[in-house]
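Student: One structure coming up, written as structure tokens, with questions to follow.
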Amino acid sequence: MTTSPLVLGPLVRHVDETSASVWVETRDAGRVTVRADGGSWQAPTFRVHGHHYALVVVDGLAPGSVSPYTVEVDDARVWPPAEDAEGGGYPPSVIATLKPGKPLRMAFGSCRTSVDHGESGNATHGVDALRSLALKMATDETARWPDLVLFLGDQVYADETTEEMQRFIKERRDIDEPPGKELKDYEEYAHLYALAWSDPLNRWLLSTLPSLMIFDDHDVRDDWNTSYAWQQDIRRTSWWHERIVSGLASYWVYQHVGNLSGDERDADPVWQRVVAAHERPDELDLSDVLDDLAERVDEDPTSYRWSYARDFAGVRLVVVDSRAARVLEPDRRSLLDDEELAWLDGKMRGDVKHLFVGTSLPFLLPAGLHYLEAWNEAVGNGAWGRRPAKYGEQLRRAVDLEHWGAFQHAFHAVAAMAQEVADGRRGKAPKTVTFLSGDVHHSYVSEVDRPHWAGSSRIIQLVCSPIRNPLPRKMRFATAVLAYAVAGPIGKLVARSAKVPDAPFRWRNLAGPWFDNSIAVLEDRDDGLAVSWLTGVVEHGDNEHPRLDVVADVVIDDAG
Ligand SMILES: [Fe+2]
């Protein structure tokens with residue numbers, strides 16, 4: 001795809017007050033150097049299935065500093081690109097460390113396909129909201145930047161591939177043989193990530209705006225781990241083993257390792273191998289290590305953790321893996337296994353201004369849909385007998401009844417944690433306990449109905465989806481009617497008929513739904529939690545330079 005020594009990146013990933021990790025994929029084995037603020041930091045590449053990567057840890061920086069940086073591979077300067085080269089001409093890429101006490105300003109969103117940014121791509125997939133934000137940041141000196149961006153899943157689509165991806169697949173293998181147009185192996189994943197992160201503006205954005213990520217289903221496959229029957233069926237195919245192994249191994253490389261803080265990297269068994277090999281003359285090959293890890297965690301989700309938590313000035317962000325840590329056996333189904341629930345329980349604490357819980361799947365779906373999912377789970381477990389159980393499983397897969405509502409055990413456990421935090425029973429109650437999610441191809445705000453008193457929290461759900469993968473127009477109306485009107489009364493009724501226990505609280509829609517491609521930016525302000533959903537608008541046919549427009553502004557204040 002490229003002859004440049006730098007294949008992909010740099011991406012600035014985990015950042016704290018004094019350090020940052022910078023991720024790159026290189027064409028060849030070599031030593032990668034990052035220079036910033038008069039210092040330099042190095043790391044040798046490691047190899048995975050013929051691809052070369054490095055994560056350079058830059059430390060000893062001043063808190064709240066903004067340092068332009070350069071990247072070299074061996075002795076060749078590879079970043080930033082020359083002013084007149086492709087991708088050149090944008091502002092210098094910087095490492096911005098966290099500033100102590102600065103209130104958090106964070107972008108978030110999910111579901112982004114990688115098609116071209118011209119007229120044809122915009123006609124089929126709408127304008128890329130992330131690229132529109134990048135353009136604003138790169139060209140408007142008055143723009144206020146987020147401190148980081150949190151990608152909440154479906155960063156890449158391994159199942160629904162674009163024509164460009166399919167061209168690559170066809171060059172390698174017969175597309176009429178399984179898995180057809182879907183991804184087969186690590187090599188194809190590497191190409192998929194390259195397509196997602198190579199557009200010059202997005203590449204510039206990721207080189208300068210720190211990012212955190214968590215997968216959802218499409219990073220692996222639609223409905224990933226929706227049920228035991230689903231898992232049994234797919235494991236019988238000829239191609240699944242290679243897919244799940246390459247999906248999780250590439251996830252570790254492209255997404256997960258950059259999420260980790262210094263302490264978490266130190267404790268990570270795979271990273272320990274990377275560090276131990278730093279002084280070796282030859283390049284470390286991590287292929288088998290990562291394939292083994294992927295195989296193991298698919299068999300035993302408790303053997304590794306993809307979730308993580310971050311503390312910013314006065315607020316905490318907990319990002320939960322809602323896909324890989326599931327228990328699927330019908331008699332003990334749970335969205336989170338016991339160890340993951342215990343970990344989350346330890347992180348769900350007060351004594352912060354806001355507690356944010358990132359979960360790719362909305363914790364609070366529109367209530368009607370929630371109860372339809374709960375009913376479906378109960379029927380699938382045999383509440384109405386064996387034959388309905390089979391149809392229940394078919395319906396689950398056909399219409400994606402696979403969110404928290406379809407996993408009542410974990411829903412009730414996490415709901416209880418959220419309530420205890422909000423009641424001030426786990427330290428001083430924050431102003432809000434706020435779930436951040438994506439996945440559903442529309443955006444909205446909902447809130448748990450609960451009495452407000454001084455010293456209690458509001459419990460909020462914020463959803464931002466898609467960044468670029470809109471529902472077809474006719475489906476938007478159907479979704480809105482179904483989710484917000486029809487499902488309401490029916491959902492609760494059918495759930496009762498299958499003896500689904502009531503949720504411990506009711507919740508209602510506060511704002512939305514909106515169906516625009518969008519990226520949300522939230523800000524911890526004195527007057528409350530301010531959230532804007534932003535979208536790109538093409539003017540005068542200028543597809544390449546969309547204007548960043550506001551879809552909606554919402555302030556979650558203390559008054560409720
Ligand atoms: Fe999803």
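For the structure tokens, the naming scheme is as follows: chains receive sequential letters (A, B, ...) according to their order of presentation, residues are indexed from 1 within each chain, and ligands are indexed from 1 in presentation order.
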Which parts of segment 8-98 of chain A does DSSP call strand (DSSP E or B) when run on the backbone here, written out as a PDB file with N, CA, C and O atoms, in the first residue's frame?

Tutor:
```pdb
ATOM      1  N   LEU A   8       1.792   3.400   9.009  1.00  0.00           N
ATOM      2  CA  LEU A   8       0.590   3.912   9.672  1.00  0.00           C
ATOM      3  C   LEU A   8       0.998   4.648  10.944  1.00  0.00           C
ATOM      4  O   LEU A   8       1.959   4.263  11.598  1.00  0.00           O
ATOM      5  N   GLY A   9       0.205   5.669  11.290  1.00  0.00           N
ATOM      6  CA  GLY A   9       0.505   6.458  12.469  1.00  0.00           C
ATOM      7  C   GLY A   9       1.399   7.633  12.096  1.00  0.00           C
ATOM      8  O   GLY A   9       1.566   7.911  10.907  1.00  0.00           O
ATOM      9  N   PRO A  10       1.955   8.303  13.073  1.00  0.00           N
ATOM     10  CA  PRO A  10       1.901   7.985  14.501  1.00  0.00           C
ATOM     11  C   PRO A  10       0.531   8.271  15.117  1.00  0.00           C
ATOM     12  O   PRO A  10      -0.154   9.186  14.688  1.00  0.00           O
ATOM     13  N   LEU A  11       0.173   7.467  16.107  1.00  0.00           N
ATOM     14  CA  LEU A  11      -1.000   7.749  16.925  1.00  0.00           C
ATOM     15  C   LEU A  11      -0.523   8.062  18.338  1.00  0.00           C
ATOM     16  O   LEU A  11       0.253   7.286  18.905  1.00  0.00           O
ATOM     17  N   VAL A  12      -0.977   9.205  18.874  1.00  0.00           N
ATOM     18  CA  VAL A  12      -0.728   9.461  20.297  1.00  0.00           C
ATOM     19  C   VAL A  12      -1.818   8.734  21.058  1.00  0.00           C
ATOM     20  O   VAL A  12      -2.998   8.959  20.841  1.00  0.00           O
ATOM     21  N   ARG A  13      -1.427   7.832  21.929  1.00  0.00           N
ATOM     22  CA  ARG A  13      -2.432   7.022  22.635  1.00  0.00           C
ATOM     23  C   ARG A  13      -2.514   7.431  24.111  1.00  0.00           C
ATOM     24  O   ARG A  13      -2.822   8.572  24.382  1.00  0.00           O
ATOM     25  N   HIS A  14      -2.185   6.560  25.025  1.00  0.00           N
ATOM     26  CA  HIS A  14      -2.376   6.907  26.439  1.00  0.00           C
ATOM     27  C   HIS A  14      -1.514   8.116  26.829  1.00  0.00           C
ATOM     28  O   HIS A  14      -0.319   8.154  26.558  1.00  0.00           O
ATOM     29  N   VAL A  15      -2.147   9.067  27.483  1.00  0.00           N
ATOM     30  CA  VAL A  15      -1.434  10.265  27.934  1.00  0.00           C
ATOM     31  C   VAL A  15      -1.775  10.511  29.402  1.00  0.00           C
ATOM     32  O   VAL A  15      -2.932  10.370  29.794  1.00  0.00           O
ATOM     33  N   ALA A  20       3.470   9.979  27.577  1.00  0.00           N
ATOM     34  CA  ALA A  20       2.553   9.643  26.484  1.00  0.00           C
ATOM     35  C   ALA A  20       3.120   8.443  25.750  1.00  0.00           C
ATOM     36  O   ALA A  20       4.333   8.242  25.703  1.00  0.00           O
ATOM     37  N   SER A  21       2.240   7.617  25.158  1.00  0.00           N
ATOM     38  CA  SER A  21       2.731   6.549  24.293  1.00  0.00           C
ATOM     39  C   SER A  21       2.399   6.893  22.845  1.00  0.00           C
ATOM     40  O   SER A  21       1.311   7.380  22.544  1.00  0.00           O
ATOM     41  N   VAL A  22       3.390   6.673  21.977  1.00  0.00           N
ATOM     42  CA  VAL A  22       3.234   6.992  20.553  1.00  0.00           C
ATOM     43  C   VAL A  22       3.375   5.686  19.772  1.00  0.00           C
ATOM     44  O   VAL A  22       4.406   5.010  19.864  1.00  0.00           O
ATOM     45  N   TRP A  23       2.335   5.345  19.019  1.00  0.00           N
ATOM     46  CA  TRP A  23       2.257   4.052  18.309  1.00  0.00           C
ATOM     47  C   TRP A  23       2.522   4.262  16.817  1.00  0.00           C
ATOM     48  O   TRP A  23       2.012   5.229  16.231  1.00  0.00           O
ATOM     49  N   VAL A  24       3.300   3.371  16.219  1.00  0.00           N
ATOM     50  CA  VAL A  24       3.505   3.419  14.763  1.00  0.00           C
ATOM     51  C   VAL A  24       3.529   2.012  14.185  1.00  0.00           C
ATOM     52  O   VAL A  24       3.855   1.045  14.872  1.00  0.00           O
ATOM     53  N   GLU A  25       3.176   1.911  12.907  1.00  0.00           N
ATOM     54  CA  GLU A  25       3.470   0.708  12.129  1.00  0.00           C
ATOM     55  C   GLU A  25       4.505   1.117  11.087  1.00  0.00           C
ATOM     56  O   GLU A  25       4.327   2.121  10.383  1.00  0.00           O
ATOM     57  N   THR A  26       5.593   0.350  10.969  1.00  0.00           N
ATOM     58  CA  THR A  26       6.663   0.689  10.035  1.00  0.00           C
ATOM     59  C   THR A  26       6.756  -0.354   8.919  1.00  0.00           C
ATOM     60  O   THR A  26       6.260  -1.470   9.059  1.00  0.00           O
ATOM     61  N   ARG A  31      14.538   0.867  14.444  1.00  0.00           N
ATOM     62  CA  ARG A  31      14.448   1.535  15.739  1.00  0.00           C
ATOM     63  C   ARG A  31      13.685   2.840  15.518  1.00  0.00           C
ATOM     64  O   ARG A  31      14.000   3.604  14.607  1.00  0.00           O
ATOM     65  N   VAL A  32      12.666   3.052  16.337  1.00  0.00           N
ATOM     66  CA  VAL A  32      11.807   4.228  16.154  1.00  0.00           C
ATOM     67  C   VAL A  32      12.156   5.259  17.229  1.00  0.00           C
ATOM     68  O   VAL A  32      12.251   4.923  18.416  1.00  0.00           O
ATOM     69  N   THR A  33      12.366   6.484  16.807  1.00  0.00           N
ATOM     70  CA  THR A  33      12.733   7.557  17.735  1.00  0.00           C
ATOM     71  C   THR A  33      11.684   8.667  17.687  1.00  0.00           C
ATOM     72  O   THR A  33      11.296   9.100  16.594  1.00  0.00           O
ATOM     73  N   VAL A  34      11.247   9.085  18.853  1.00  0.00           N
ATOM     74  CA  VAL A  34      10.362  10.253  18.950  1.00  0.00           C
ATOM     75  C   VAL A  34      11.174  11.378  19.584  1.00  0.00           C
ATOM     76  O   VAL A  34      11.827  11.167  20.614  1.00  0.00           O
ATOM     77  N   ARG A  35      11.167  12.538  18.958  1.00  0.00           N
ATOM     78  CA  ARG A  35      11.863  13.703  19.518  1.00  0.00           C
ATOM     79  C   ARG A  35      10.847  14.785  19.859  1.00  0.00           C
ATOM     80  O   ARG A  35      10.000  15.116  19.026  1.00  0.00           O
ATOM     81  N   ALA A  36      10.952  15.291  21.083  1.00  0.00           N
ATOM     82  CA  ALA A  36      10.045  16.356  21.516  1.00  0.00           C
ATOM     83  C   ALA A  36      10.708  17.135  22.638  1.00  0.00           C
ATOM     84  O   ALA A  36      11.395  16.537  23.472  1.00  0.00           O
ATOM     85  N   GLY A  39      14.186  16.428  23.962  1.00  0.00           N
ATOM     86  CA  GLY A  39      14.546  15.069  24.367  1.00  0.00           C
ATOM     87  C   GLY A  39      14.263  14.073  23.258  1.00  0.00           C
ATOM     88  O   GLY A  39      13.671  14.414  22.228  1.00  0.00           O
ATOM     89  N   SER A  40      14.729  12.845  23.460  1.00  0.00           N
ATOM     90  CA  SER A  40      14.401  11.800  22.487  1.00  0.00           C
ATOM     91  C   SER A  40      14.164  10.486  23.212  1.00  0.00           C
ATOM     92  O   SER A  40      14.766  10.208  24.262  1.00  0.00           O
ATOM     93  N   TRP A  41      13.274   9.689  22.665  1.00  0.00           N
ATOM     94  CA  TRP A  41      12.875   8.407  23.255  1.00  0.00           C
ATOM     95  C   TRP A  41      12.821   7.385  22.115  1.00  0.00           C
ATOM     96  O   TRP A  41      12.383   7.711  21.007  1.00  0.00           O
ATOM     97  N   GLN A  42      13.248   6.163  22.418  1.00  0.00           N
ATOM     98  CA  GLN A  42      13.360   5.162  21.357  1.00  0.00           C
ATOM     99  C   GLN A  42      12.690   3.854  21.737  1.00  0.00           C
ATOM    100  O   GLN A  42      12.545   3.540  22.910  1.00  0.00           O
ATOM    101  N   ALA A  43      12.322   3.097  20.719  1.00  0.00           N
ATOM    102  CA  ALA A  43      11.897   1.702  20.918  1.00  0.00           C
ATOM    103  C   ALA A  43      12.190   0.945  19.628  1.00  0.00           C
ATOM    104  O   ALA A  43      11.995   1.491  18.535  1.00  0.00           O
ATOM    105  N   PRO A  44      12.642  -0.324  19.756  1.00  0.00           N
ATOM    106  CA  PRO A  44      12.786  -1.142  18.559  1.00  0.00           C
ATOM    107  C   PRO A  44      11.414  -1.646  18.121  1.00  0.00           C
ATOM    108  O   PRO A  44      10.495  -1.722  18.928  1.00  0.00           O
ATOM    109  N   PHE A  46       8.633  -4.445  16.978  1.00  0.00           N
ATOM    110  CA  PHE A  46       8.346  -5.880  17.134  1.00  0.00           C
ATOM    111  C   PHE A  46       7.511  -6.298  15.927  1.00  0.00           C
ATOM    112  O   PHE A  46       6.923  -5.450  15.239  1.00  0.00           O
ATOM    113  N   ARG A  47       7.490  -7.584  15.678  1.00  0.00           N
ATOM    114  CA  ARG A  47       6.887  -8.075  14.434  1.00  0.00           C
ATOM    115  C   ARG A  47       5.680  -8.958  14.732  1.00  0.00           C
ATOM    116  O   ARG A  47       5.691  -9.739  15.679  1.00  0.00           O
ATOM    117  N   VAL A  48       4.600  -8.770  13.957  1.00  0.00           N
ATOM    118  CA  VAL A  48       3.427  -9.643  14.057  1.00  0.00           C
ATOM    119  C   VAL A  48       3.004 -10.017  12.644  1.00  0.00           C
ATOM    120  O   VAL A  48       2.604  -9.142  11.859  1.00  0.00           O
ATOM    121  N   HIS A  51       4.262  -7.837   9.900  1.00  0.00           N
ATOM    122  CA  HIS A  51       4.111  -6.383  10.043  1.00  0.00           C
ATOM    123  C   HIS A  51       4.964  -5.915  11.231  1.00  0.00           C
ATOM    124  O   HIS A  51       5.183  -6.673  12.173  1.00  0.00           O
ATOM    125  N   HIS A  52       5.397  -4.672  11.170  1.00  0.00           N
ATOM    126  CA  HIS A  52       6.331  -4.151  12.185  1.00  0.00           C
ATOM    127  C   HIS A  52       5.696  -2.974  12.934  1.00  0.00           C
ATOM    128  O   HIS A  52       5.099  -2.089  12.301  1.00  0.00           O
ATOM    129  N   TYR A  53       5.856  -2.982  14.247  1.00  0.00           N
ATOM    130  CA  TYR A  53       5.220  -1.955  15.079  1.00  0.00           C
ATOM    131  C   TYR A  53       6.170  -1.494  16.177  1.00  0.00           C
ATOM    132  O   TYR A  53       7.045  -2.246  16.595  1.00  0.00           O
ATOM    133  N   ALA A  54       5.914  -0.283  16.659  1.00  0.00           N
ATOM    134  CA  ALA A  54       6.604   0.146  17.882  1.00  0.00           C
ATOM    135  C   ALA A  54       5.662   1.030  18.680  1.00  0.00           C
ATOM    136  O   ALA A  54       4.829   1.747  18.121  1.00  0.00           O
ATOM    137  N   LEU A  55       5.784   0.926  19.997  1.00  0.00           N
ATOM    138  CA  LEU A  55       5.103   1.847  20.893  1.00  0.00           C
ATOM    139  C   LEU A  55       6.209   2.543  21.676  1.00  0.00           C
ATOM    140  O   LEU A  55       6.892   1.912  22.480  1.00  0.00           O
ATOM    141  N   VAL A  56       6.386   3.823  21.398  1.00  0.00           N
ATOM    142  CA  VAL A  56       7.457   4.572  22.058  1.00  0.00           C
ATOM    143  C   VAL A  56       6.863   5.300  23.258  1.00  0.00           C
ATOM    144  O   VAL A  56       5.897   6.060  23.115  1.00  0.00           O
ATOM    145  N   VAL A  57       7.428   5.038  24.433  1.00  0.00           N
ATOM    146  CA  VAL A  57       6.939   5.696  25.644  1.00  0.00           C
ATOM    147  C   VAL A  57       7.769   6.954  25.882  1.00  0.00           C
ATOM    148  O   VAL A  57       8.979   6.887  26.090  1.00  0.00           O
ATOM    149  N   VAL A  58       7.089   8.082  25.809  1.00  0.00           N
ATOM    150  CA  VAL A  58       7.728   9.384  25.989  1.00  0.00           C
ATOM    151  C   VAL A  58       7.420   9.829  27.413  1.00  0.00           C
ATOM    152  O   VAL A  58       6.252   9.955  27.776  1.00  0.00           O
ATOM    153  N   VAL A  66       2.526  21.287  25.884  1.00  0.00           N
ATOM    154  CA  VAL A  66       2.150  20.958  24.506  1.00  0.00           C
ATOM    155  C   VAL A  66       3.427  20.971  23.681  1.00  0.00           C
ATOM    156  O   VAL A  66       4.005  22.031  23.442  1.00  0.00           O
ATOM    157  N   SER A  67       3.899  19.772  23.302  1.00  0.00           N
ATOM    158  CA  SER A  67       5.208  19.681  22.642  1.00  0.00           C
ATOM    159  C   SER A  67       5.074  19.145  21.229  1.00  0.00           C
ATOM    160  O   SER A  67       4.666  17.994  21.043  1.00  0.00           O
ATOM    161  N   PRO A  68       5.431  19.935  20.219  1.00  0.00           N
ATOM    162  CA  PRO A  68       5.515  19.380  18.861  1.00  0.00           C
ATOM    163  C   PRO A  68       6.535  18.243  18.860  1.00  0.00           C
ATOM    164  O   PRO A  68       7.528  18.288  19.603  1.00  0.00           O
ATOM    165  N   TYR A  69       6.276  17.202  18.057  1.00  0.00           N
ATOM    166  CA  TYR A  69       7.209  16.071  18.041  1.00  0.00           C
ATOM    167  C   TYR A  69       7.464  15.604  16.617  1.00  0.00           C
ATOM    168  O   TYR A  69       6.685  15.892  15.705  1.00  0.00           O
ATOM    169  N   THR A  70       8.587  14.881  16.460  1.00  0.00           N
ATOM    170  CA  THR A  70       8.916  14.258  15.181  1.00  0.00           C
ATOM    171  C   THR A  70       9.168  12.778  15.418  1.00  0.00           C
ATOM    172  O   THR A  70       9.437  12.357  16.538  1.00  0.00           O
ATOM    173  N   VAL A  71       9.067  12.003  14.336  1.00  0.00           N
ATOM    174  CA  VAL A  71       9.317  10.565  14.419  1.00  0.00           C
ATOM    175  C   VAL A  71      10.376  10.188  13.387  1.00  0.00           C
ATOM    176  O   VAL A  71      10.329  10.659  12.237  1.00  0.00           O
ATOM    177  N   GLU A  72      11.335   9.365  13.816  1.00  0.00           N
ATOM    178  CA  GLU A  72      12.339   8.822  12.900  1.00  0.00           C
ATOM    179  C   GLU A  72      12.293   7.307  12.933  1.00  0.00           C
ATOM    180  O   GLU A  72      12.048   6.716  13.982  1.00  0.00           O
ATOM    181  N   VAL A  73      12.498   6.686  11.782  1.00  0.00           N
ATOM    182  CA  VAL A  73      12.719   5.242  11.733  1.00  0.00           C
ATOM    183  C   VAL A  73      14.170   5.061  11.337  1.00  0.00           C
ATOM    184  O   VAL A  73      14.591   5.522  10.264  1.00  0.00           O
ATOM    185  N   ALA A  76      16.031   7.966   9.453  1.00  0.00           N
ATOM    186  CA  ALA A  76      15.225   8.745   8.501  1.00  0.00           C
ATOM    187  C   ALA A  76      14.036   9.383   9.202  1.00  0.00           C
ATOM    188  O   ALA A  76      13.270   8.716   9.898  1.00  0.00           O
ATOM    189  N   ARG A  77      13.905  10.669   9.015  1.00  0.00           N
ATOM    190  CA  ARG A  77      12.751  11.373   9.574  1.00  0.00           C
ATOM    191  C   ARG A  77      11.514  11.010   8.757  1.00  0.00           C
ATOM    192  O   ARG A  77      11.505  11.139   7.535  1.00  0.00           O
ATOM    193  N   VAL A  78      10.449  10.508   9.427  1.00  0.00           N
ATOM    194  CA  VAL A  78       9.253  10.052   8.708  1.00  0.00           C
ATOM    195  C   VAL A  78       7.995  10.826   9.087  1.00  0.00           C
ATOM    196  O   VAL A  78       6.955  10.694   8.442  1.00  0.00           O
ATOM    197  N   TRP A  79       8.079  11.623  10.143  1.00  0.00           N
ATOM    198  CA  TRP A  79       6.907  12.405  10.556  1.00  0.00           C
ATOM    199  C   TRP A  79       7.348  13.673  11.222  1.00  0.00           C
ATOM    200  O   TRP A  79       8.297  13.600  11.985  1.00  0.00           O
ATOM    201  N   VAL A  94       1.407  17.289  18.004  1.00  0.00           N
ATOM    202  CA  VAL A  94       1.899  17.600  19.350  1.00  0.00           C
ATOM    203  C   VAL A  94       1.586  16.478  20.327  1.00  0.00           C
ATOM    204  O   VAL A  94       0.667  15.686  20.107  1.00  0.00           O
ATOM    205  N   ILE A  95       2.372  16.438  21.384  1.00  0.00           N
ATOM    206  CA  ILE A  95       2.036  15.620  22.550  1.00  0.00           C
ATOM    207  C   ILE A  95       1.578  16.595  23.620  1.00  0.00           C
ATOM    208  O   ILE A  95       2.358  17.434  24.077  1.00  0.00           O
ATOM    209  N   ALA A  96       0.305  16.510  23.978  1.00  0.00           N
ATOM    210  CA  ALA A  96      -0.257  17.404  25.000  1.00  0.00           C
ATOM    211  C   ALA A  96      -0.503  16.583  26.256  1.00  0.00           C
ATOM    212  O   ALA A  96      -1.383  15.723  26.275  1.00  0.00           O
TER     213      ALA A  96
END
```

Student: Please identify all protein, DNA and RNA residues within 8 Å of ligand 1, counting only C-alpha atoms and all ligand atoms, and report them as JSON, numbers by chain.

Tutor: {"A": [111, 153, 154, 216, 217, 218, 222, 223, 360, 361, 438, 439, 440]}

Student: For Thr3 of chain A, which residue out of A:Asp199, A:Asp542, A:Asp28, A:Asp549 is the nearest one, using only C-alpha atoms?

Tutor: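 Residue with the minimum atom-to-atom distance to Thr3 of chain A: A:Asp28.
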
Student: Interatomic distance between atom CA of Arg349 of chain A and atom CA of Tyr444 of chain A?

Tutor: 25.2 Å

Student: Name the residues in contact with Trp507 of chain A at a cut-off of 12 Å, using only C-alpha atoms, excluding same-chain residues fewer than 5 positions from it; report them as a list in words.

Tutor: Phe363, Leu364, Leu365, Pro366, Ala367, Gly368, His370, Ala415, Val445, Ser446, Glu447, Val448, Asp449, Arg450, Arg458, Ile459, Ile460, Gln461 and Gly488 of chain A

Student: Please report the interatomic distance between atom CA of Arg426 of chain A and atom CA of Asp351 of chain A in Å with one decimal.

Tutor: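 Taking atom CA of Arg426 of chain A and atom CA of Asp351 of chain A, their separation equals 8.0 Å.
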
Student: Contacts of Leu212 of chain A at 10 Å or less, counting only C-alpha atoms, minus same-chain residues fewer than 5 places along, as a PyMOL selection string?

Tutor: chain A and resi 12-15+108+148-152+255-256+258-260+308+319

Student: Tell me, as a list in words, which residues lie within 10 Å of Tyr371 of chain A, counting only C-alpha atoms; anything in the same chain fewer than 2 positions away does not count.

Tutor: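 Close residues of Tyr371 of chain A: Leu365, Pro366, Ala367, Gly368, Leu369, Glu373, Ala374, Trp375, Asn376, Glu377, Gly405, Ala406, Gln408, Ala487, Gly488, Pro489, Ile490, Gly491, Lys492, Leu493, Val494, Ala495, Arg496, Val500, Pro501, Asp502 and Ala503 of chain A.
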
Student: Please provide as a list in words all residues within 12 Å of His540 of chain A, with the sequence filter that same-chain residues fewer than 6 positions apart are discarded (counting only C-alpha atoms).

Tutor: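 The residues satisfying every condition are Glu119, Pro546 and Arg547 of chain A.
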
Student: Could you find all residues in segment 187-258 of chain A that DSSP calls helix (DSSP H, G or I) from the backbone, and write them as a PyMOL selection string?

Tutor: chain A and resi 187-197+200-206+217-219+228-235+240-258

Student: Quick one: distance from atom CA of Glu160 of chain A to atom CA of Thr113 of chain A in Å, one decimal?

Tutor: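 About the pair atom CA of Glu160 of chain A and atom CA of Thr113 of chain A: they are 9.0 Å apart.
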